[in-house]
>>> print(open('my_file14.tsv').read())   # TSV, C-alpha atoms
chain	number	residue	atom	x	y	z
A	21	MET	CA	67.50	120.48	71.37
A	22	ALA	CA	69.90	119.17	74.02
A	23	ALA	CA	68.54	117.99	77.36
A	24	GLN	CA	69.28	120.36	80.24
A	25	HIS	CA	69.94	119.72	83.91
A	26	GLU	CA	71.12	121.91	86.76
A	27	VAL	CA	73.75	119.35	87.84
A	28	VAL	CA	75.16	116.76	85.46
A	29	ILE	CA	77.40	114.01	86.85
A	30	ILE	CA	79.58	112.01	84.47
A	31	GLY	CA	79.95	108.50	85.87
A	32	GLY	CA	77.65	106.23	87.83
A	33	GLY	CA	80.20	104.46	90.01
A	34	ASN	CA	80.73	105.06	93.71
A	35	ALA	CA	81.52	108.74	93.18
A	36	GLY	CA	78.61	109.57	90.88
A	37	VAL	CA	75.87	107.68	92.69
A	38	SER	CA	76.85	108.66	96.24
A	39	LEU	CA	77.27	112.30	95.23
A	40	ALA	CA	73.92	112.37	93.41
A	41	ALA	CA	72.21	110.94	96.49
A	42	ARG	CA	73.86	113.46	98.78
A	43	LEU	CA	72.94	116.39	96.52
A	44	GLU	CA	69.32	115.22	96.53
A	45	ARG	CA	69.43	115.17	100.33
A	46	TYR	CA	70.85	118.71	100.27
A	47	GLY	CA	67.90	119.93	98.23
A	48	VAL	CA	69.33	119.94	94.70
A	49	LYS	CA	66.39	118.61	92.68
A	50	ASP	CA	67.59	118.55	89.07
A	51	VAL	CA	70.47	116.07	89.06
A	52	ALA	CA	71.36	113.77	86.16
A	53	VAL	CA	73.91	110.94	86.10
A	54	ILE	CA	75.49	109.82	82.81
A	55	GLU	CA	76.30	106.11	82.99
A	56	PRO	CA	76.09	103.54	80.16
A	57	ARG	CA	76.50	100.34	82.21
A	58	ASP	CA	73.50	98.45	83.51
A	59	HIS	CA	75.39	97.00	86.49
A	60	HIS	CA	77.17	98.54	89.47
A	61	LEU	CA	80.26	97.03	91.06
A	62	TYR	CA	81.71	97.17	94.58
A	63	GLN	CA	85.38	97.04	93.66
A	64	PRO	CA	86.94	96.46	97.12
A	65	LEU	CA	85.54	92.92	97.05
A	66	PHE	CA	87.48	92.04	93.89
A	67	SER	CA	90.56	91.25	95.99
A	68	HIS	CA	88.53	88.95	98.22
A	69	ILE	CA	87.08	87.21	95.16
A	70	ALA	CA	90.58	86.68	93.74
A	71	GLY	CA	91.72	85.36	97.13
A	72	GLY	CA	88.85	82.94	97.55
A	73	ARG	CA	87.17	84.85	100.36
A	74	ALA	CA	84.12	86.22	98.52
A	75	GLN	CA	81.77	85.22	95.72
A	76	ALA	CA	81.49	87.31	92.56
A	77	GLN	CA	77.75	87.91	92.97
A	78	GLU	CA	78.40	89.76	96.25
A	79	ALA	CA	80.13	92.57	94.34
A	80	VAL	CA	77.49	93.38	91.72
A	81	ARG	CA	73.99	94.87	91.64
A	82	SER	CA	71.91	96.42	88.90
A	83	GLN	CA	72.60	100.08	88.18
A	84	GLU	CA	68.90	100.77	88.38
A	85	SER	CA	68.72	99.46	91.94
A	86	VAL	CA	71.41	101.85	93.22
A	87	MET	CA	70.35	104.99	91.33
A	88	PRO	CA	68.87	107.47	93.84
A	89	GLN	CA	65.18	108.28	93.56
A	90	GLY	CA	64.57	111.62	91.88
A	91	VAL	CA	67.85	111.51	89.93
A	92	THR	CA	67.69	111.29	86.13
A	93	TRP	CA	69.70	108.37	84.78
A	94	ILE	CA	71.07	109.07	81.29
A	95	ARG	CA	71.91	105.61	79.96
A	96	ASP	CA	74.67	106.76	77.66
A	97	GLY	CA	78.40	107.37	77.72
A	98	ALA	CA	80.18	110.72	77.82
A	99	VAL	CA	82.63	111.30	74.97
A	100	GLY	CA	83.41	115.00	75.31
A	101	VAL	CA	82.87	118.23	77.24
A	102	ASP	CA	82.54	121.73	75.74
A	103	THR	CA	83.18	124.25	78.47
A	104	ASP	CA	82.25	127.17	76.18
A	105	THR	CA	78.70	125.93	75.68
A	106	ASN	CA	78.42	123.97	78.94
A	107	THR	CA	77.49	120.75	77.17
A	108	VAL	CA	78.49	117.11	77.40
A	109	SER	CA	78.65	115.09	74.17
A	110	LEU	CA	77.29	111.56	74.38
A	111	ALA	CA	78.23	108.35	72.60
A	112	SER	CA	74.77	108.18	71.01
A	113	GLY	CA	75.41	111.47	69.20
A	114	SER	CA	73.17	113.56	71.42
A	115	SER	CA	74.26	116.01	74.11
A	116	VAL	CA	73.20	117.35	77.50
A	117	SER	CA	73.60	120.88	78.87
A	118	TYR	CA	74.63	121.57	82.44
A	119	GLY	CA	74.57	124.35	84.99
A	120	GLN	CA	77.14	122.56	87.15
A	121	LEU	CA	79.23	119.64	85.91
A	122	VAL	CA	80.84	116.94	88.06
A	123	VAL	CA	83.38	114.73	86.28
A	124	CYS	CA	83.95	111.32	87.89
A	125	PRO	CA	84.18	108.67	85.15
A	126	GLY	CA	86.83	106.62	86.93
A	127	LEU	CA	89.99	105.35	85.24
A	128	GLN	CA	90.68	103.31	82.14
A	129	TYR	CA	93.00	100.32	82.03
A	130	ASP	CA	95.89	100.82	79.63
A	131	TRP	CA	96.67	97.16	78.93
A	132	ASP	CA	98.65	97.96	75.79
A	133	GLU	CA	101.19	99.99	77.76
A	134	VAL	CA	102.84	96.66	78.63
A	135	PRO	CA	103.33	94.58	75.45
A	136	GLY	CA	101.80	91.15	75.82
A	137	LEU	CA	99.96	91.92	79.06
A	138	ALA	CA	96.43	91.79	77.65
A	139	ALA	CA	97.10	88.42	76.03
A	140	ALA	CA	98.69	87.13	79.22
A	141	VAL	CA	95.78	87.88	81.58
A	142	HIS	CA	93.38	86.20	79.14
A	143	SER	CA	95.62	83.16	78.73
A	144	LEU	CA	95.40	79.91	80.69
A	145	HIS	CA	97.98	81.05	83.25
A	146	GLY	CA	97.15	84.74	83.78
A	147	ALA	CA	94.49	86.91	85.41
A	148	SER	CA	93.89	90.32	86.94
A	149	HIS	CA	91.64	90.94	89.91
A	150	TYR	CA	91.21	94.54	88.77
A	151	GLU	CA	88.77	93.19	86.15
A	152	PHE	CA	85.54	91.85	87.63
A	153	GLU	CA	85.31	89.11	85.01
A	154	LEU	CA	88.87	87.92	85.73
A	155	ALA	CA	88.82	87.98	89.54
A	156	PRO	CA	87.22	84.51	89.93
A	157	LYS	CA	89.74	83.16	87.43
A	158	ALA	CA	92.56	84.49	89.60
A	159	TRP	CA	91.36	82.35	92.51
A	160	THR	CA	90.99	79.29	90.29
A	161	LEU	CA	94.61	79.66	89.21
A	162	LEU	CA	96.01	80.50	92.64
A	163	SER	CA	94.13	77.82	94.54
A	164	GLY	CA	95.15	75.22	91.97
A	165	LEU	CA	98.86	75.97	92.25
A	166	THR	CA	100.84	73.44	94.33
A	167	SER	CA	104.35	74.25	93.10
A	168	GLY	CA	106.11	76.66	90.75
A	169	THR	CA	106.22	80.45	90.49
A	170	ALA	CA	103.47	83.03	91.08
A	171	VAL	CA	104.14	86.61	90.02
A	172	PHE	CA	102.10	89.60	91.23
A	173	THR	CA	102.68	93.02	89.67
A	174	MET	CA	101.75	96.64	90.33
A	175	PRO	CA	102.35	99.44	87.78
A	176	ALA	CA	103.82	102.86	88.41
A	177	GLY	CA	101.62	105.93	88.34
A	178	PRO	CA	98.19	106.70	89.79
A	179	ILE	CA	95.95	103.63	90.05
A	180	LYS	CA	92.84	102.55	91.91
A	181	CYS	CA	93.81	101.65	95.50
A	182	GLY	CA	97.45	100.80	94.93
A	183	GLY	CA	97.54	98.52	97.94
A	184	ALA	CA	94.88	96.29	96.39
A	185	SER	CA	97.50	94.91	94.01
A	186	GLN	CA	99.00	92.99	96.94
A	187	LYS	CA	95.89	91.64	98.65
A	188	PRO	CA	95.29	88.42	96.67
A	189	MET	CA	98.97	87.58	97.12
A	190	TYR	CA	98.70	87.48	100.92
A	191	LEU	CA	95.41	85.58	100.77
A	192	ALA	CA	96.97	83.03	98.41
A	193	CYS	CA	100.10	82.65	100.56
A	194	ASP	CA	98.03	81.97	103.66
A	195	TYR	CA	96.00	79.40	101.71
A	196	TRP	CA	99.13	77.71	100.37
A	197	ARG	CA	100.50	77.59	103.91
A	198	GLU	CA	97.28	75.93	105.09
A	199	GLN	CA	97.61	73.40	102.26
A	200	GLY	CA	101.25	72.70	103.14
A	201	VAL	CA	102.63	73.79	99.74
A	202	LEU	CA	103.87	77.35	100.41
A	203	ASP	CA	107.49	76.22	100.58
A	204	GLN	CA	107.10	74.72	97.10
A	205	ILE	CA	106.00	78.03	95.54
A	206	ARG	CA	108.19	80.98	94.61
A	207	VAL	CA	106.13	84.13	95.17
A	208	VAL	CA	107.36	87.34	93.49
A	209	MET	CA	105.85	90.77	94.07
A	210	VAL	CA	106.86	93.52	91.62
A	211	GLN	CA	106.55	96.96	93.23
A	212	PRO	CA	107.58	100.16	91.37
A	213	TYR	CA	108.39	102.17	94.50
A	214	PRO	CA	111.29	102.02	97.00
A	215	THR	CA	109.22	100.29	99.71
A	216	VAL	CA	106.26	97.95	99.78
A	217	PHE	CA	103.77	100.78	100.36
A	218	GLY	CA	105.23	104.12	101.42
A	219	VAL	CA	104.01	104.69	104.97
A	220	PRO	CA	106.79	103.60	107.37
A	221	GLU	CA	104.42	102.14	109.97
A	222	ILE	CA	102.58	100.17	107.30
A	223	ASP	CA	105.81	99.11	105.60
A	224	ARG	CA	107.08	97.54	108.82
A	225	GLU	CA	103.94	95.48	109.29
A	226	LEU	CA	103.80	94.39	105.64
A	227	ASP	CA	107.52	93.59	105.57
A	228	ARG	CA	106.90	91.30	108.55
A	229	LYS	CA	104.21	89.42	106.63
A	230	ILE	CA	106.36	89.30	103.49
A	231	ALA	CA	109.15	87.67	105.48
A	232	GLU	CA	106.67	85.31	107.15
A	233	TYR	CA	105.45	84.05	103.78
A	234	GLY	CA	108.87	84.09	102.12
A	235	ILE	CA	107.77	86.48	99.39
A	236	GLU	CA	110.44	87.81	97.03
A	237	LEU	CA	109.80	91.56	96.93
A	238	ARG	CA	111.16	93.41	93.89
A	239	THR	CA	111.08	97.13	94.73
A	240	ASN	CA	111.89	99.90	92.22
A	241	SER	CA	110.80	97.45	89.53
A	242	GLU	CA	108.06	97.18	86.94
A	243	LEU	CA	106.65	94.71	84.45
A	244	VAL	CA	107.63	95.78	80.91
A	245	TYR	CA	106.87	92.76	78.72
A	246	VAL	CA	105.01	89.46	78.88
A	247	ASP	CA	105.39	86.44	76.62
A	248	ALA	CA	102.06	84.73	77.27
A	249	ALA	CA	102.84	81.66	75.18
A	250	GLY	CA	106.16	81.05	76.92
A	251	ARG	CA	104.89	82.26	80.32
A	252	ASN	CA	107.78	84.68	80.72
A	253	ALA	CA	107.50	88.08	82.45
A	254	THR	CA	110.23	90.66	81.90
A	255	ILE	CA	110.89	92.87	84.92
A	256	ARG	CA	112.92	96.07	84.68
A	257	ASP	CA	114.79	97.68	87.56
A	258	ILE	CA	113.72	101.33	87.34
A	259	SER	CA	116.94	102.56	88.98
A	260	THR	CA	119.44	100.72	86.79
A	261	GLY	CA	117.46	99.75	83.70
A	262	ALA	CA	118.57	96.14	84.13
A	263	GLU	CA	116.01	93.55	83.01
A	264	ASP	CA	115.26	90.09	84.37
A	265	THR	CA	112.93	87.47	82.88
A	266	ILE	CA	110.89	85.30	85.24
A	267	HIS	CA	109.17	82.15	84.07
A	268	TYR	CA	105.81	81.96	85.81
A	269	ASP	CA	103.10	79.40	86.44
A	270	VAL	CA	100.57	82.05	87.48
A	271	LEU	CA	100.64	85.77	86.70
A	272	ASN	CA	98.26	88.18	88.44
A	273	ALA	CA	98.89	91.62	86.99
A	274	VAL	CA	97.50	95.09	87.60
A	275	PRO	CA	97.42	97.22	84.42
A	276	PRO	CA	98.73	100.78	84.06
A	277	GLN	CA	95.88	103.26	84.43
A	278	SER	CA	94.93	106.77	83.37
A	279	ALA	CA	91.89	108.97	82.85
A	280	PRO	CA	89.65	108.00	79.90
A	281	ASP	CA	90.98	109.03	76.48
A	282	TRP	CA	87.97	111.27	75.80
A	283	LEU	CA	88.72	113.19	79.01
A	284	LYS	CA	92.36	113.65	78.03
A	285	ALA	CA	91.16	115.33	74.81
A	286	THR	CA	89.15	118.01	76.67
A	287	ASP	CA	90.48	121.21	78.24
A	288	LEU	CA	89.71	119.94	81.75
A	289	PRO	CA	93.15	118.42	82.59
A	290	ALA	CA	96.05	120.69	83.49
A	291	ALA	CA	98.43	121.56	80.68
A	292	GLY	CA	101.02	118.84	80.32
A	293	ASP	CA	99.11	116.27	82.38
A	294	THR	CA	99.48	113.19	80.21
A	295	GLY	CA	97.36	111.18	82.65
A	296	GLY	CA	94.35	113.34	81.78
A	297	PHE	CA	93.23	114.03	85.36
A	298	VAL	CA	90.80	116.91	85.94
A	299	GLU	CA	92.55	120.03	87.24
A	300	VAL	CA	90.87	120.86	90.54
A	301	ASP	CA	91.66	122.68	93.74
A	302	ARG	CA	92.79	119.78	95.92
A	303	GLN	CA	90.84	121.00	98.93
A	304	THR	CA	87.57	122.34	97.46
A	305	LEU	CA	87.49	119.97	94.42
A	306	ARG	CA	86.37	122.83	92.17
A	307	HIS	CA	88.05	123.22	88.80
A	308	ILE	CA	90.89	125.74	88.76
A	309	ARG	CA	89.76	127.44	85.53
A	310	PHE	CA	86.05	126.60	85.16
A	311	PRO	CA	84.03	127.52	88.27
A	312	ASN	CA	81.00	125.42	87.31
A	313	VAL	CA	83.07	122.24	86.87
A	314	TRP	CA	84.03	119.86	89.69
A	315	SER	CA	85.70	116.49	90.02
A	316	LEU	CA	86.29	113.79	92.61
A	317	GLY	CA	87.37	110.20	92.77
A	318	ASP	CA	89.86	108.45	90.53
A	319	ALA	CA	89.77	110.93	87.63
A	320	ALA	CA	90.34	114.01	89.81
A	321	GLY	CA	93.78	115.61	89.80
A	322	THR	CA	94.25	115.31	93.56
A	323	THR	CA	97.40	114.11	95.31
A	324	ASN	CA	95.80	111.52	97.58
A	325	SER	CA	95.97	107.77	97.09
A	326	LYS	CA	92.85	106.87	95.11
A	327	SER	CA	90.46	104.78	97.20
A	328	GLY	CA	86.86	104.43	98.27
A	329	GLY	CA	87.76	105.82	101.68
A	330	ALA	CA	89.19	108.95	100.08
A	331	LEU	CA	86.11	109.25	97.91
A	332	ARG	CA	83.76	109.10	100.88
A	333	LYS	CA	85.47	112.19	102.33
A	334	GLN	CA	85.54	113.94	98.95
A	335	THR	CA	81.84	113.37	98.33
A	336	LYS	CA	80.83	115.30	101.42
A	337	VAL	CA	83.20	118.16	100.63
A	338	LEU	CA	82.14	118.50	97.00
A	339	ALA	CA	78.43	118.30	97.77
A	340	GLN	CA	78.68	121.01	100.43
A	341	ASN	CA	80.79	123.25	98.21
A	342	LEU	CA	78.63	122.81	95.13
A	343	VAL	CA	75.54	123.78	97.11
A	344	ALA	CA	77.38	126.80	98.52
A	345	ALA	CA	78.57	127.85	95.05
A	346	ARG	CA	75.02	127.75	93.68
A	347	LYS	CA	74.04	130.18	96.43
A	348	GLY	CA	77.04	132.43	95.83
A	349	LYS	CA	78.56	131.56	99.20
A	350	PRO	CA	82.22	130.82	100.06
A	351	LEU	CA	83.49	127.25	99.73
A	352	ARG	CA	84.18	126.35	103.34
A	353	ALA	CA	84.43	122.55	103.12
A	354	LYS	CA	87.98	121.26	102.64
A	355	TYR	CA	89.24	117.80	101.70
A	356	ASN	CA	92.23	116.91	103.88
A	357	GLY	CA	93.88	114.30	101.66
A	358	TYR	CA	92.67	111.31	103.70
A	359	SER	CA	92.82	107.83	102.19
A	360	VAL	CA	92.60	104.28	103.48
A	361	CYS	CA	93.70	100.83	102.34
A	362	PRO	CA	92.79	97.66	104.24
A	363	PHE	CA	95.51	95.07	103.47
A	364	THR	CA	94.17	91.53	103.74
A	365	VAL	CA	97.41	90.01	105.02
A	366	SER	CA	95.88	86.61	105.86
A	367	ARG	CA	92.58	84.84	105.38
A	368	ASP	CA	91.17	86.41	108.53
A	369	THR	CA	93.33	89.44	109.42
A	370	VAL	CA	93.82	92.92	107.98
A	371	VAL	CA	96.41	95.69	108.27
A	372	PHE	CA	94.27	98.83	108.18
A	373	ALA	CA	96.24	101.70	106.61
A	374	GLU	CA	94.85	105.22	107.06
A	375	PHE	CA	97.03	108.07	105.79
A	376	ASP	CA	97.04	111.50	104.16
A	377	ASP	CA	98.25	112.67	100.77
A	378	ARG	CA	101.81	112.98	102.13
A	379	TYR	CA	101.69	109.34	103.28
A	380	ARG	CA	101.60	110.23	106.95
A	381	PRO	CA	99.41	108.12	109.27
A	382	MET	CA	95.91	109.60	109.73
A	383	PRO	CA	93.95	107.17	111.95
A	384	THR	CA	90.23	107.86	112.31
A	385	ILE	CA	90.59	107.30	116.06
A	386	PRO	CA	93.56	109.46	117.13
A	387	ARG	CA	96.55	107.64	118.62
A	388	VAL	CA	95.08	104.22	117.81
A	389	PRO	CA	97.57	102.32	115.57
A	390	THR	CA	95.12	100.72	113.12
A	391	TRP	CA	98.08	99.48	111.06
A	392	ASN	CA	98.65	96.57	113.43
A	393	GLU	CA	97.45	93.25	112.00
A	394	SER	CA	93.97	92.62	113.38
A	395	ARG	CA	91.08	90.17	113.21
A	396	LEU	CA	88.65	93.00	114.02
A	397	SER	CA	89.88	94.96	111.00
A	398	TRP	CA	89.10	91.91	108.87
A	399	VAL	CA	85.50	91.89	110.08
A	400	VAL	CA	85.20	95.61	109.34
A	401	ASP	CA	86.67	95.27	105.84
A	402	ARG	CA	85.04	92.01	104.75
A	403	ASP	CA	81.67	92.06	106.49
A	404	ILE	CA	80.78	95.59	107.57
A	405	PHE	CA	82.10	97.79	104.75
A	406	PRO	CA	80.11	96.09	101.96
A	407	GLN	CA	76.88	96.61	103.90
A	408	VAL	CA	77.81	100.23	104.62
A	409	TYR	CA	78.51	100.71	100.92
A	410	TRP	CA	75.23	99.34	99.57
A	411	ASN	CA	72.99	100.70	102.32
A	412	LEU	CA	74.57	103.99	103.39
A	413	ILE	CA	77.32	105.31	101.09
A	414	LEU	CA	75.34	104.94	97.85
A	415	LYS	CA	72.39	106.59	99.55
A	416	GLY	CA	74.47	109.66	100.50
A	417	ARG	CA	74.32	108.88	104.21
A	418	ALA	CA	77.89	107.91	105.08
>>> encode(input="my_file14.tsv", output="structure tokens")
Amino acid sequence: MAAQHEVVIIGGGNAGVSLAARLERYGVKDVAVIEPRDHHLYQPLFSHIAGGRAQAQEAVRSQESVMPQGVTWIRDGAVGVDTDTNTVSLASGSSVSYGQLVVCPGLQYDWDEVPGLAAAVHSLHGASHYEFELAPKAWTLLSGLTSGTAVFTMPAGPIKCGGASQKPMYLACDYWREQGVLDQIRVVMVQPYPTVFGVPEIDRELDRKIAEYGIELRTNSELVYVDAAGRNATIRDISTGAEDTIHYDVLNAVPPQSAPDWLKATDLPAAGDTGGFVEVDRQTLRHIRFPNVWSLGDAAGTTNSKSGGALRKQTKVLAQNLVAARKGKPLRAKYNGYSVCPFTVSRDTVVFAEFDDRYRPMPTIPRVPTWNESRLSWVVDRDIFPQVYWNLILKGRA
């Protein structure tokens, strides 16, 4: 007989753990989290690790240590959802039944979407700070470079914190400038969109830093092929289709991303959504077709930029609405599309981007332009946020 729980949460990352903790605080006593990994990662530090400003051990703790008291931890992986029987199929072959289901498994990295990319990031001259195991390698490669070409790439489509693709680049440039070798290094940033980020106020500040470091920004462009053995990256202009091959000494690449394959195979995504994102009301985070299914975080079909800051807002909204739904009350909490991306533009300053799902500025303190480069923002991002994450967010208190 399948195990049964009132609320089942798929995924034990930021979304799953912080939501479970908040639901416990709201009086929901039968909550289970499905998560196969035995470690928990704080992903915003990956950029700092790749830029030589954090140690890998700062970003990892045991999954057991962050799981809220009173929550059942199902140490297994989800492989399917049957909305007719309200059950989740598990990798072990067993299943679990739910009263309410929250789907937040995060994203998968589609390395094979770019031929040669997987081989390149595991080669002697490539890395990706989006993988915890490869982030320290990125700093080893970047800090060891004294001349040549460094290429940084970002894919098109929804990804985890799109701005994070740029952060190690700025940290490396500032380091190379300190070492007196920046003018000996060609730095290329491949960006699939028309501007460096998409918020005019942020673009102006980042463009200033790009000019300061002498970075070659390739907008409307994407990485389409990598020859790891020859250290050649093929870049395609999305507008014209023209291709250019760049010989690199260091490649730091961000892979294309999508919802997990098992999620794509369920009936939870919207029809025609090849990315596999869960079809939810973008304000209430409740599924459009299945009223006892919810989603938040990276795998949710929302229009916001995917980030931890967005997730923190979503967690509160979903928890309040799920509790209301269980009581048959209206869903009054609304997610407003907020997201945030702290750009580490030097080794001790940050451009703090807060914006909504239409890429309009949305500062937490009204009329305060947080997008100006700031030392204080660095302290908040590097020193304060990690402590808030481990001690407040994962405990459902922030």
>>> closest_residue(input="my_file14.tsv", among="A:Val122, A:Thr169, A:Ala330, A:Val408", to="Phe310 (chain A)", atoms="all atoms listed in the file")
A:Val122
>>> axis_aligned_box(input="my_file14.tsv", around="region 89-105 of chain A", padding_each_side="6 Å", output="AutoDock Vina command-line options")
--center_x 74.0 --center_y 116.4 --center_z 84.3 --size_x 30.8 --size_y 33.6 --size_z 30.6
>>> residues_around(input="my_file14.tsv", residues="region 190-198 of chain A", least_positions_apart="5", cutoff="7 Å", atoms="only C-alpha atoms", output="PyMOL selection string")
chain A and resi 71+162+233+364-367
>>> closest_residue(input="my_file14.tsv", among="A:Lys180, A:Arg95, A:His145, A:His307", to="Val246 (chain A)", atoms="all atoms listed in the file")
A:His145
>>> closest_residue(input="my_file14.tsv", among="A:Glu299, A:Asp50, A:Glu26, A:Asp401", to="Cys361 (chain A)", atoms="all atoms listed in the file")
A:Asp401
>>> closest_residue(input="my_file14.tsv", among="A:Gly200, A:Pro88, A:Pro383, A:Gly146", to="Ala248 (chain A)", atoms="all atoms listed in the file")
A:Gly146
>>> atom_distance(input="my_file14.tsv", atom1="CA of Val28 (chain A)", atom2="CA of Ser109 (chain A)")
11.9 Å
>>> closest_residue(input="my_file14.tsv", among="A:Tyr358, A:Tyr213, A:Trp410, A:Trp131", to="Val274 (chain A)", atoms="only C-alpha atoms")
A:Trp131
>>> closest_residue(input="my_file14.tsv", among="A:Pro64, A:Gly126, A:Pro175, A:Gly136", to="Ile258 (chain A)", atoms="only C-alpha atoms")
A:Pro175
>>> decode(input="my_file14.tsv", residues="region 128-185 of chain A", atoms="C-alpha atoms", output="short mmCIF file (atom, residue, chain, number, x, y, z; two decimals), in the first residue's frame")
data_model
loop_
_atom_site.label_atom_id
_atom_site.label_comp_id
_atom_site.auth_asym_id
_atom_site.auth_seq_id
_atom_site.Cartn_x
_atom_site.Cartn_y
_atom_site.Cartn_z
CA GLN A 128 17.79 19.92 -15.32
CA TYR A 129 20.87 20.86 -17.31
CA ASP A 130 20.56 19.95 -20.98
CA TRP A 131 24.27 19.68 -21.80
CA ASP A 132 23.63 17.72 -24.98
CA GLU A 133 21.65 20.59 -26.51
CA VAL A 134 25.03 22.11 -27.46
CA PRO A 135 27.21 19.48 -29.18
CA GLY A 136 30.56 19.17 -27.48
CA LEU A 137 29.64 21.28 -24.45
CA ALA A 138 29.66 18.47 -21.88
CA ALA A 139 33.10 17.33 -23.02
CA ALA A 140 34.36 20.91 -23.01
CA VAL A 141 33.43 21.75 -19.40
CA HIS A 142 35.07 18.53 -18.22
CA SER A 143 38.21 19.15 -20.26
CA LEU A 144 41.40 20.85 -19.06
CA HIS A 145 40.29 24.26 -20.31
CA GLY A 146 36.56 24.35 -19.52
CA ALA A 147 34.24 24.64 -16.53
CA SER A 148 30.76 25.73 -15.48
CA HIS A 149 29.97 27.42 -12.20
CA TYR A 150 26.39 26.18 -12.48
CA GLU A 151 27.71 22.77 -11.36
CA PHE A 152 28.88 22.71 -7.75
CA GLU A 153 31.68 20.27 -8.55
CA LEU A 154 33.00 22.47 -11.38
CA ALA A 155 32.83 25.88 -9.68
CA PRO A 156 36.22 25.56 -7.91
CA LYS A 157 37.74 24.41 -11.19
CA ALA A 158 36.46 27.59 -12.85
CA TRP A 159 38.47 29.70 -10.40
CA THR A 160 41.57 27.56 -10.88
CA LEU A 161 41.38 28.17 -14.62
CA LEU A 162 40.50 31.86 -14.43
CA SER A 163 43.05 32.76 -11.79
CA GLY A 164 45.76 30.91 -13.69
CA LEU A 165 45.15 32.78 -16.94
CA THR A 166 47.70 35.53 -17.70
CA SER A 167 47.07 35.95 -21.43
CA GLY A 168 44.80 34.59 -24.15
CA THR A 169 41.03 34.38 -24.54
CA ALA A 170 38.33 33.69 -21.95
CA VAL A 171 34.80 33.01 -23.18
CA PHE A 172 31.70 33.18 -20.96
CA THR A 173 28.35 32.01 -22.33
CA MET A 174 24.68 32.17 -21.38
CA PRO A 175 21.98 30.11 -23.17
CA ALA A 176 18.61 31.30 -24.38
CA GLY A 177 15.45 30.25 -22.58
CA PRO A 178 14.51 30.06 -18.90
CA ILE A 179 17.47 29.34 -16.63
CA LYS A 180 18.37 29.66 -12.97
CA CYS A 181 19.21 33.32 -12.24
CA GLY A 182 20.22 34.41 -15.71
CA GLY A 183 22.42 37.17 -14.38
CA ALA A 184 24.59 34.62 -12.55
CA SER A 185 26.13 33.64 -15.87
#
